[in-house]
>>> print(open('upload.cif').read())   # mmCIF, C-alpha atoms (C1' of nucleotides) and all ligand atoms
data_my_file
loop_
_atom_site.label_atom_id
_atom_site.label_comp_id
_atom_site.auth_asym_id
_atom_site.auth_seq_id
_atom_site.Cartn_x
_atom_site.Cartn_y
_atom_site.Cartn_z
CA MET A 19 47.50 -76.28 -97.68
CA ASN A 20 49.76 -73.95 -95.88
CA LEU A 21 50.32 -70.38 -94.97
CA LYS A 22 53.25 -68.46 -96.31
CA LYS A 23 56.25 -68.03 -94.09
CA TYR A 24 55.88 -64.44 -95.02
CA THR A 25 52.62 -64.33 -93.13
CA ASP A 26 54.13 -65.87 -90.08
CA TYR A 27 57.11 -63.55 -90.26
CA SER A 28 54.78 -60.60 -90.40
CA LEU A 29 53.05 -61.73 -87.28
CA ARG A 30 56.36 -62.35 -85.58
CA VAL A 31 57.49 -58.86 -86.36
CA LEU A 32 54.30 -57.49 -84.89
CA ILE A 33 54.65 -59.63 -81.81
CA PHE A 34 58.18 -58.41 -81.26
CA THR A 35 57.29 -54.83 -81.91
CA GLY A 36 54.27 -55.10 -79.69
CA LEU A 37 56.53 -55.84 -76.76
CA LYS A 38 58.09 -52.41 -76.95
CA HIS A 39 56.47 -49.66 -74.96
CA GLY A 40 56.36 -45.91 -74.87
CA GLU A 41 59.19 -44.37 -76.78
CA GLU A 42 61.01 -47.65 -77.21
CA ARG A 43 61.49 -48.77 -80.77
CA ALA A 44 62.34 -52.10 -82.26
CA ARG A 45 65.11 -52.33 -84.77
CA ILE A 46 65.14 -54.64 -87.76
CA LYS A 47 68.49 -55.97 -86.69
CA GLU A 48 67.10 -56.97 -83.30
CA ILE A 49 64.22 -58.81 -84.88
CA SER A 50 66.38 -60.61 -87.38
CA ASP A 51 68.66 -61.68 -84.55
CA VAL A 52 65.95 -62.92 -82.25
CA TYR A 53 64.18 -65.02 -84.85
CA ASN A 54 67.22 -65.89 -86.87
CA ILE A 55 65.77 -64.56 -90.07
CA SER A 56 68.00 -62.63 -92.42
CA GLN A 57 67.72 -58.87 -92.18
CA GLU A 58 66.65 -58.78 -95.80
CA HIS A 59 63.46 -60.67 -95.14
CA VAL A 60 62.63 -58.76 -92.05
CA ARG A 61 63.20 -55.56 -93.93
CA LYS A 62 60.77 -56.59 -96.60
CA VAL A 63 58.16 -57.65 -94.13
CA VAL A 64 58.54 -54.48 -92.13
CA HIS A 65 58.30 -52.36 -95.21
CA ASP A 66 55.10 -54.11 -96.10
CA LEU A 67 53.64 -53.62 -92.65
CA VAL A 68 54.47 -49.95 -92.81
CA LYS A 69 52.62 -49.67 -96.08
CA ARG A 70 49.67 -51.40 -94.48
CA GLY A 71 49.70 -48.81 -91.77
CA LEU A 72 50.33 -51.23 -88.94
CA ILE A 73 53.83 -50.09 -88.20
CA GLU A 74 55.46 -46.70 -88.00
CA SER A 75 59.10 -46.39 -88.93
CA THR A 76 61.69 -43.75 -88.24
CA ARG A 77 64.85 -43.60 -90.25
CA GLY A 78 68.28 -42.63 -89.22
CA ARG A 79 70.29 -43.13 -86.12
CA GLY A 80 68.11 -43.80 -83.13
CA GLY A 81 65.32 -44.77 -85.45
CA GLY A 82 63.38 -47.98 -85.57
CA ILE A 83 59.83 -49.17 -85.71
CA ARG A 84 56.82 -49.31 -83.46
CA LEU A 85 53.17 -50.14 -83.77
CA ALA A 86 51.18 -47.52 -85.55
CA LYS A 87 48.15 -48.29 -83.42
CA PRO A 88 47.35 -50.07 -80.19
CA ALA A 89 47.78 -53.82 -80.24
CA HIS A 90 44.11 -54.50 -79.65
CA GLU A 91 43.28 -52.71 -82.88
CA ILE A 92 45.43 -55.00 -84.96
CA ASN A 93 43.24 -57.86 -85.99
CA VAL A 94 44.85 -61.16 -86.78
CA GLY A 95 42.16 -62.27 -89.19
CA MET A 96 42.30 -59.12 -91.25
CA LEU A 97 46.03 -59.31 -91.55
CA VAL A 98 46.13 -62.96 -92.54
CA ARG A 99 43.34 -62.42 -95.00
CA ASP A 100 45.33 -59.64 -96.60
CA LEU A 101 48.61 -61.45 -96.66
CA GLU A 102 47.11 -64.62 -98.07
CA GLN A 103 44.75 -62.82 -100.35
CA ASP A 104 45.96 -64.38 -103.53
CA PHE A 105 44.14 -67.57 -102.78
CA ALA A 106 42.74 -69.05 -105.89
CA LEU A 107 41.76 -71.69 -103.41
CA LEU A 108 40.22 -73.61 -106.26
CA GLU A 109 40.41 -73.23 -109.99
CA CYS A 110 36.87 -71.95 -110.26
CA PHE A 111 37.45 -69.19 -107.70
CA ASP A 112 39.42 -67.31 -110.26
CA LYS A 113 37.04 -66.18 -112.98
CA GLY A 114 38.75 -66.12 -116.30
CA VAL A 115 41.01 -69.03 -115.52
CA ASN A 116 38.05 -71.16 -114.66
CA HIS A 117 37.55 -74.00 -117.05
CA CYS A 118 35.70 -76.35 -114.81
CA VAL A 119 32.64 -77.43 -116.71
CA ILE A 120 30.48 -78.16 -113.69
CA SER A 121 31.18 -74.86 -112.05
CA PRO A 122 27.64 -73.49 -112.42
CA GLY A 123 26.15 -76.43 -110.60
CA CYS A 124 28.97 -77.36 -108.28
CA SER A 125 28.24 -77.45 -104.57
CA LEU A 126 31.80 -78.10 -103.60
CA LYS A 127 32.90 -74.56 -104.05
CA HIS A 128 30.20 -73.34 -101.73
CA VAL A 129 31.22 -75.83 -99.13
CA ILE A 130 34.84 -74.79 -99.36
CA ASN A 131 33.89 -71.17 -99.22
CA LYS A 132 31.84 -71.71 -96.12
CA ALA A 133 34.74 -73.50 -94.49
CA LEU A 134 37.09 -70.72 -95.40
CA GLY A 135 34.68 -68.29 -93.85
CA ALA A 136 34.77 -70.26 -90.62
CA PHE A 137 38.54 -70.20 -90.71
CA PHE A 138 38.74 -66.46 -90.88
CA LYS A 139 35.91 -65.95 -88.47
CA VAL A 140 38.01 -67.58 -85.79
CA LEU A 141 41.06 -65.57 -86.67
CA GLU A 142 39.08 -62.40 -86.57
CA GLU A 143 38.27 -63.01 -82.94
CA TYR A 144 41.87 -62.29 -82.05
CA THR A 145 44.03 -59.22 -82.04
CA LEU A 146 47.72 -58.68 -81.57
CA GLU A 147 47.00 -57.99 -77.93
CA ASP A 148 45.91 -61.58 -77.48
CA LEU A 149 49.18 -62.73 -78.95
CA ILE A 150 51.30 -60.78 -76.51
CA HIS A 151 49.25 -61.23 -73.38
CA ASN A 152 52.07 -63.28 -71.87
CA GLU A 153 54.57 -60.52 -72.38
CA GLU A 154 57.05 -61.63 -69.74
CA GLU A 155 57.21 -65.17 -71.02
CA LEU A 156 57.78 -64.01 -74.55
CA LYS A 157 60.47 -61.59 -73.55
CA ALA A 158 62.22 -64.31 -71.63
CA LEU A 159 62.09 -66.63 -74.62
CA MET A 160 63.57 -63.93 -76.75
CA GLY A 161 66.29 -63.33 -74.26
CA LEU A 162 65.27 -59.74 -73.69
CA SER A 163 65.85 -58.10 -70.38
CA THR A 164 62.44 -57.46 -68.92
CA MET B 14 46.88 -70.20 -98.99
CA ASN B 15 45.41 -72.60 -101.42
CA LEU B 16 44.31 -76.15 -101.89
CA LYS B 17 46.09 -78.39 -104.30
CA LYS B 18 44.54 -78.96 -107.66
CA TYR B 19 45.06 -82.55 -106.83
CA THR B 20 42.51 -82.26 -104.07
CA ASP B 21 39.99 -80.66 -106.33
CA TYR B 22 40.62 -83.26 -109.00
CA SER B 23 40.02 -85.99 -106.47
CA LEU B 24 36.69 -84.52 -105.56
CA ARG B 25 35.80 -84.10 -109.20
CA VAL B 26 36.53 -87.72 -109.85
CA LEU B 27 34.31 -88.69 -106.96
CA ILE B 28 31.54 -86.42 -108.13
CA PHE B 29 31.66 -87.91 -111.58
CA THR B 30 31.83 -91.43 -110.31
CA GLY B 31 29.03 -90.76 -107.88
CA LEU B 32 26.73 -90.04 -110.77
CA LYS B 33 26.97 -93.60 -111.98
CA HIS B 34 24.48 -96.08 -110.62
CA GLY B 35 24.06 -99.79 -110.28
CA GLU B 36 26.41 -101.70 -112.49
CA GLU B 37 27.47 -98.61 -114.41
CA ARG B 38 31.13 -97.76 -114.17
CA ALA B 39 33.02 -94.63 -114.94
CA ARG B 40 36.08 -94.78 -117.09
CA ILE B 41 39.18 -92.70 -116.65
CA LYS B 42 38.94 -91.61 -120.24
CA GLU B 43 35.43 -90.30 -119.71
CA ILE B 44 36.51 -88.29 -116.71
CA SER B 45 39.53 -86.86 -118.39
CA ASP B 46 37.34 -85.83 -121.31
CA VAL B 47 34.64 -84.20 -119.28
CA TYR B 48 36.95 -82.12 -117.16
CA ASN B 49 39.66 -81.67 -119.74
CA ILE B 50 42.35 -83.05 -117.54
CA SER B 51 44.97 -85.31 -119.04
CA GLN B 52 44.36 -89.00 -118.52
CA GLU B 53 47.64 -89.22 -116.69
CA HIS B 54 46.49 -87.01 -113.87
CA VAL B 55 43.16 -88.64 -113.60
CA ARG B 56 44.85 -91.99 -113.48
CA LYS B 57 47.02 -90.91 -110.62
CA VAL B 58 44.14 -89.45 -108.71
CA VAL B 59 42.02 -92.52 -109.27
CA HIS B 60 44.79 -94.79 -108.20
CA ASP B 61 45.14 -92.81 -105.04
CA LEU B 62 41.43 -92.95 -104.33
CA VAL B 63 41.46 -96.69 -104.81
CA LYS B 64 44.24 -96.98 -102.27
CA ARG B 65 42.21 -94.90 -99.90
CA GLY B 66 39.34 -97.31 -100.29
CA LEU B 67 36.92 -94.79 -101.73
CA ILE B 68 36.85 -96.20 -105.20
CA GLU B 69 36.73 -99.71 -106.58
CA SER B 70 38.39 -100.40 -109.87
CA THR B 71 38.06 -103.22 -112.35
CA ARG B 72 40.69 -103.78 -114.97
CA GLY B 73 40.34 -104.98 -118.48
CA ARG B 74 37.76 -104.52 -121.12
CA GLY B 75 34.45 -103.44 -119.71
CA GLY B 76 36.20 -102.35 -116.57
CA GLY B 77 36.17 -98.98 -114.90
CA ILE B 78 35.62 -97.50 -111.50
CA ARG B 79 32.80 -96.96 -109.10
CA LEU B 80 32.39 -95.82 -105.53
CA ALA B 81 33.50 -98.36 -102.99
CA LYS B 82 30.85 -97.18 -100.57
CA PRO B 83 27.66 -95.16 -100.66
CA ALA B 84 28.10 -91.48 -101.35
CA HIS B 85 26.81 -90.43 -97.96
CA GLU B 86 29.63 -92.33 -96.32
CA ILE B 87 32.30 -90.37 -98.13
CA ASN B 88 33.06 -87.39 -96.00
CA VAL B 89 34.43 -84.30 -97.65
CA GLY B 90 36.30 -83.12 -94.58
CA MET B 91 38.07 -86.39 -94.04
CA LEU B 92 39.18 -86.56 -97.61
CA VAL B 93 40.46 -83.01 -97.77
CA ARG B 94 42.23 -83.44 -94.48
CA ASP B 95 43.98 -86.49 -95.87
CA LEU B 96 44.88 -84.98 -99.18
CA GLU B 97 46.19 -81.79 -97.66
CA GLN B 98 47.76 -83.52 -94.74
CA ASP B 99 51.24 -82.29 -95.35
CA PHE B 100 50.39 -78.91 -93.99
CA ALA B 101 53.24 -77.58 -92.07
CA LEU B 102 50.86 -74.70 -91.87
CA LEU B 103 53.47 -72.89 -89.88
CA GLU B 104 57.11 -73.53 -89.24
CA CYS B 105 56.54 -74.59 -85.66
CA PHE B 106 53.92 -77.18 -86.61
CA ASP B 107 56.64 -79.40 -87.87
CA LYS B 108 58.70 -80.55 -84.92
CA GLY B 109 62.28 -80.99 -85.90
CA VAL B 110 62.25 -78.20 -88.41
CA ASN B 111 60.99 -75.78 -85.86
CA HIS B 112 63.47 -73.10 -84.99
CA CYS B 113 61.11 -70.47 -83.79
CA VAL B 114 62.41 -69.32 -80.47
CA ILE B 115 59.08 -68.17 -79.07
CA SER B 116 57.33 -71.39 -79.91
CA PRO B 117 56.81 -72.51 -76.30
CA GLY B 118 54.99 -69.34 -75.41
CA CYS B 119 53.41 -68.45 -78.71
CA SER B 120 49.66 -68.00 -78.81
CA LEU B 121 49.54 -67.56 -82.54
CA LYS B 122 49.88 -71.20 -83.29
CA HIS B 123 46.95 -72.02 -81.08
CA VAL B 124 44.85 -69.43 -82.78
CA ILE B 125 45.74 -70.78 -86.20
CA ASN B 126 45.07 -74.28 -85.06
CA LYS B 127 41.68 -73.34 -83.78
CA ALA B 128 40.86 -71.69 -87.06
CA LEU B 129 42.00 -74.72 -88.96
CA GLY B 130 39.76 -76.81 -86.78
CA ALA B 131 36.81 -74.63 -87.68
CA PHE B 132 37.67 -75.02 -91.34
CA PHE B 133 37.56 -78.77 -91.21
CA LYS B 134 34.59 -78.85 -88.95
CA VAL B 135 32.55 -77.25 -91.69
CA LEU B 136 33.90 -79.58 -94.32
CA GLU B 137 33.10 -82.54 -92.17
CA GLU B 138 29.45 -81.63 -92.21
CA TYR B 139 29.30 -82.63 -95.85
CA THR B 140 29.49 -85.87 -97.72
CA LEU B 141 29.77 -86.70 -101.37
CA GLU B 142 26.02 -87.11 -101.41
CA ASP B 143 25.62 -83.41 -100.74
CA LEU B 144 27.86 -82.65 -103.67
CA ILE B 145 25.77 -84.64 -106.11
CA HIS B 146 22.31 -83.82 -104.85
CA ASN B 147 21.61 -81.96 -108.07
CA GLU B 148 22.42 -84.95 -110.18
CA GLU B 149 20.46 -83.94 -113.24
CA GLU B 150 22.00 -80.51 -113.40
CA LEU B 151 25.48 -81.91 -113.09
CA LYS B 152 24.87 -84.51 -115.74
CA ALA B 153 23.59 -81.86 -118.06
CA LEU B 154 26.65 -79.71 -117.47
CA MET B 155 28.84 -82.65 -118.22
CA GLY B 156 26.95 -83.36 -121.37
CA LEU B 157 25.91 -86.78 -120.22
CA SER B 158 22.67 -88.29 -121.40
CA THR B 159 20.44 -88.50 -118.37
"C1'" DT C 5 80.59 -31.86 -92.08
"C1'" DT C 6 80.93 -36.33 -92.18
"C1'" DA C 7 80.51 -41.02 -90.64
"C1'" DA C 8 77.57 -44.35 -88.72
"C1'" DA C 9 73.07 -46.05 -87.87
"C1'" DA C 10 68.92 -46.68 -89.17
"C1'" DG C 11 65.31 -47.84 -92.80
"C1'" DG C 12 63.82 -47.90 -98.31
"C1'" DT C 13 63.71 -50.02 -102.78
"C1'" DG C 14 64.38 -52.78 -106.77
"C1'" DT C 15 66.07 -56.77 -108.85
"C1'" DA C 16 68.06 -61.35 -109.25
"C1'" DT C 17 68.74 -65.96 -107.88
"C1'" DT C 18 67.66 -70.29 -105.59
"C1'" DT C 19 64.67 -73.69 -103.83
"C1'" DT C 20 60.71 -76.26 -103.42
"C1'" DG C 21 56.62 -78.45 -104.32
"C1'" DA C 22 53.13 -79.03 -107.40
"C1'" DA C 23 51.72 -80.01 -111.86
"C1'" DT C 24 52.41 -82.45 -115.82
"C1'" DA C 25 54.26 -85.76 -119.07
"C1'" DC C 26 56.38 -90.11 -120.53
"C1'" DA C 27 57.09 -94.96 -120.70
"C1'" DT C 28 55.90 -99.41 -119.82
"C1'" DC C 29 53.34 -103.11 -117.47
"C1'" DT C 30 49.17 -106.07 -116.09
"C1'" DT C 31 44.52 -107.67 -116.34
"C1'" DT C 32 40.42 -109.33 -118.65
"C1'" DA C 33 36.45 -109.72 -121.94
"C1'" DT C 34 35.70 -110.81 -126.55
"C1'" DA D 15 45.23 -112.74 -130.00
"C1'" DT D 16 43.92 -108.24 -129.31
"C1'" DA D 17 41.93 -104.30 -127.73
"C1'" DA D 18 40.23 -102.00 -123.74
"C1'" DA D 19 40.73 -100.97 -119.50
"C1'" DG D 20 43.59 -99.80 -115.22
"C1'" DA D 21 48.62 -99.91 -112.49
"C1'" DT D 22 52.99 -98.05 -111.61
"C1'" DG D 23 57.29 -95.75 -111.58
"C1'" DT D 24 60.04 -92.09 -113.10
"C1'" DA D 25 61.22 -87.77 -115.26
"C1'" DT D 26 60.41 -83.16 -116.60
"C1'" DT D 27 58.43 -78.56 -116.41
"C1'" DC D 28 56.63 -74.67 -114.12
"C1'" DA D 29 55.38 -71.24 -110.78
"C1'" DA D 30 55.50 -69.38 -106.47
"C1'" DA D 31 57.81 -68.62 -102.58
"C1'" DA D 32 61.94 -67.90 -100.25
"C1'" DT D 33 66.14 -65.82 -100.15
"C1'" DA D 34 70.07 -63.02 -101.46
"C1'" DC D 35 72.36 -59.01 -103.46
"C1'" DA D 36 73.20 -54.28 -104.45
"C1'" DC D 37 72.62 -49.76 -103.71
"C1'" DC D 38 69.81 -45.56 -102.08
"C1'" DT D 39 67.94 -42.13 -98.48
"C1'" DT D 40 67.34 -40.13 -94.01
"C1'" DT D 41 68.88 -38.67 -89.56
"C1'" DT D 42 71.73 -37.56 -85.82
"C1'" DA D 43 75.75 -37.44 -83.04
"C1'" DA D 44 80.66 -37.01 -82.98
S1 LIG E 201 34.70 -79.09 -109.15
FE1 LIG E 201 33.54 -77.45 -108.24
S2 LIG E 201 35.00 -76.60 -106.81
FE2 LIG E 201 36.21 -77.82 -108.21
S3 LIG E 201 36.83 -76.36 -109.79
FE3 LIG E 201 34.94 -77.35 -110.51
S4 LIG E 201 33.39 -75.91 -109.83
FE4 LIG E 201 35.18 -75.40 -108.67
S1 LIG E 202 55.64 -67.25 -84.21
FE1 LIG E 202 54.36 -68.74 -83.20
S2 LIG E 202 53.20 -69.57 -84.86
FE2 LIG E 202 54.92 -68.57 -85.83
S3 LIG E 202 56.47 -70.15 -85.98
FE3 LIG E 202 56.84 -69.11 -84.06
S4 LIG E 202 55.73 -70.35 -82.60
FE4 LIG E 202 54.93 -70.91 -84.57
#
>>> encode(input="upload.cif", output="structure tokens", more="lines below")
Ligand code: SF4
Ligand code: SF4
Amino acid sequence: MNLKKYTDYSLRVLIFTGLKHGEERARIKEISDVYNISQEHVRKVVHDLVKRGLIESTRGRGGGIRLAKPAHEINVGMLVRDLEQDFALLECFDKGVNHCVISPGCSLKHVINKALGAFFKVLEEYTLEDLIHNEEELKALMGLST
Amino acid sequence: MNLKKYTDYSLRVLIFTGLKHGEERARIKEISDVYNISQEHVRKVVHDLVKRGLIESTRGRGGGIRLAKPAHEINVGMLVRDLEQDFALLECFDKGVNHCVISPGCSLKHVINKALGAFFKVLEEYTLEDLIHNEEELKALMGLST
DNA sequence: TTAAAAGGTGTATTTTGAATACATCTTTAT
DNA sequence: ATAAAGATGTATTCAAAATACACCTTTTAA
């Protein structure tokens, strides 16, 4: 059981971007430097976040990215749910591939489902704003001038 | 995000074995037939469950396996936690491999951890007994004479 | 008007862990 | 003895994720 790095990277990008204010924009290069992730990955992640409508990008010199909406409107649970959506958590969750003979009478899947629900319920209590509440500390860790 | 088939298989083995009573024993062959999993896998899973002290095995003719303790003492949460224990759910969870610069000030990991806690909390409310409460139905699905 | 700075896009390769298979051994009742 | 059961270690295959590569488009300032 584990989350994709991709998911974490996405959150990291949002955290970084969320630290920019006003007309400031984050650049992919900056992000890739701070986290030591290759620009390629960051690019992909960013692109994806743009498509999801969480980030706004501007091309060309002087361009960059910024949040497409206020941090408190970016829900952690929603995002994770989306990014990890391909969970065929168990064989029987995926109709069509399901061959498990006891499926119709199996309680396990309900139990797992309930647990998964609890997982996301917690995540959904948080927004990006909660993740950047300690702005100064984060900036310091990133080596950004505050 | 997904659980290993291995985990599901382990539970399936326990469910099957839990349906045997008294001196009855389940055989690996039976299990592999019912679920259509190769004997090899079942063997591995069984072996593992024996090592974990959940199943008792007897070799030789007339041998087989049975639960090493009553079904209500086999906790689903504990088992899943064990079987999925290698979760480096996020990069920073694994000290030593952690390179994430914001780790010391990152709230995300706490959020994820809390969510994970909620996940297991639910699972821990259930035991194997809950999974086999509908014994007759399960037996029917498995094509076992009741 | 062009060069540099930004992001966009598609594809290919590598890596990793899980899933699966193979081979061979030990125990025990009949 | 032998067949029925489980024990054990190793090897192979497979799929998904992670990562890398190549090249395109937009914008703006020199
Ligand atoms: S045992 Fe239950 S949870 Fe597992 S695959 Fe079968 S139906 Fe699904
Ligand atoms: S961003 Fe937070 S959760 Fe993700 S790896 Fe860094 S410290 Fe861990």
>>> interface_residues(input="upload.cif", of="chain C", to="chain A", cutoff="8 Å", atoms="all atoms listed in the file", output="list in words")
DA8, DA9, DA10, DG11 and DG12 of chain C
>>> residues_near_ligand(input="upload.cif", ligand="ligand LIG 202 (chain E)", cutoff="10 Å", atoms="all atoms listed in the file", output="number ranges by chain")
A: 23, 25-34, 53, 149; B: 102-107, 111-126
>>> residues_around(input="upload.cif", residues="DT15 of chain C", least_positions_apart="5", cutoff="12 Å", atoms="all atoms listed in the file", output="number ranges by chain")
D: 34-37
>>> write_last_selection(input="upload.cif", atoms="C-alpha atoms (C1' of nucleotides)", output="short mmCIF file (atom, residue, chain, number, x, y, z; two decimals), in the coordinates of the input")
data_model
loop_
_atom_site.label_atom_id
_atom_site.label_comp_id
_atom_site.auth_asym_id
_atom_site.auth_seq_id
_atom_site.Cartn_x
_atom_site.Cartn_y
_atom_site.Cartn_z
"C1'" DA D 34 70.07 -63.02 -101.46
"C1'" DC D 35 72.36 -59.01 -103.46
"C1'" DA D 36 73.20 -54.28 -104.45
"C1'" DC D 37 72.62 -49.76 -103.71
#
>>> interface_residues(input="upload.cif", of="chain B", to="chain A", cutoff="6 Å", atoms="only C-alpha atoms", output="PyMOL selection string")
chain B and resi 14-16+97+100+102+115+120+128-129+131-132+135+144+154
>>> interface_residues(input="upload.cif", of="chain D", to="chain B", cutoff="6 Å", atoms="only C-alpha atoms (C1' of nucleotides)", output="ChimeraX atom specification")
/D:18-20
>>> closest_atom_pairs(input="upload.cif", of="chain D", to="segment 21-28 of chain C", cutoff="10 Å", atoms="all atoms listed in the file", output="JSON lines")
{"residue": "D:DT22", "atom": "C1'", "partner": "C:DT28", "partner_atom": "C1'", "distance": 8.8}
{"residue": "D:DG23", "atom": "C1'", "partner": "C:DT28", "partner_atom": "C1'", "distance": 9.1}
{"residue": "D:DT24", "atom": "C1'", "partner": "C:DC26", "partner_atom": "C1'", "distance": 8.5}
{"residue": "D:DA25", "atom": "C1'", "partner": "C:DC26", "partner_atom": "C1'", "distance": 7.5}
{"residue": "D:DT26", "atom": "C1'", "partner": "C:DA25", "partner_atom": "C1'", "distance": 7.1}
{"residue": "D:DT27", "atom": "C1'", "partner": "C:DT24", "partner_atom": "C1'", "distance": 7.2}
{"residue": "D:DC28", "atom": "C1'", "partner": "C:DA23", "partner_atom": "C1'", "distance": 7.6}
{"residue": "D:DA29", "atom": "C1'", "partner": "C:DA22", "partner_atom": "C1'", "distance": 8.8}
{"residue": "D:DA30", "atom": "C1'", "partner": "C:DG21", "partner_atom": "C1'", "distance": 9.4}
>>> write_last_selection(input="upload.cif", atoms="C-alpha atoms (C1' of nucleotides)", output="CSV table (one decimal), keeping the file's coordinate frame")
chain,number,residue,atom,x,y,z
D,22,DT,C1',53.0,-98.0,-111.6
D,23,DG,C1',57.3,-95.8,-111.6
D,24,DT,C1',60.0,-92.1,-113.1
D,25,DA,C1',61.2,-87.8,-115.3
D,26,DT,C1',60.4,-83.2,-116.6
D,27,DT,C1',58.4,-78.6,-116.4
D,28,DC,C1',56.6,-74.7,-114.1
D,29,DA,C1',55.4,-71.2,-110.8
D,30,DA,C1',55.5,-69.4,-106.5
>>> atom_distance(input="upload.cif", atom1="atom CA of Lys64 of chain B", atom2="atom C1' of DT30 of chain C")
17.3 Å
>>> axis_aligned_box(input="upload.cif", around="ligand LIG 201 (chain E)", padding_each_side="5 Å", output="lines of an AutoDock Vina configuration file")
center_x = 35.1
center_y = -77.2
center_z = -108.7
size_x = 13.4
size_y = 13.7
size_z = 13.7
>>> atom_distance(input="upload.cif", atom1="atom CA of Asp46 of chain B", atom2="atom CA of Leu67 of chain B")
21.5 Å
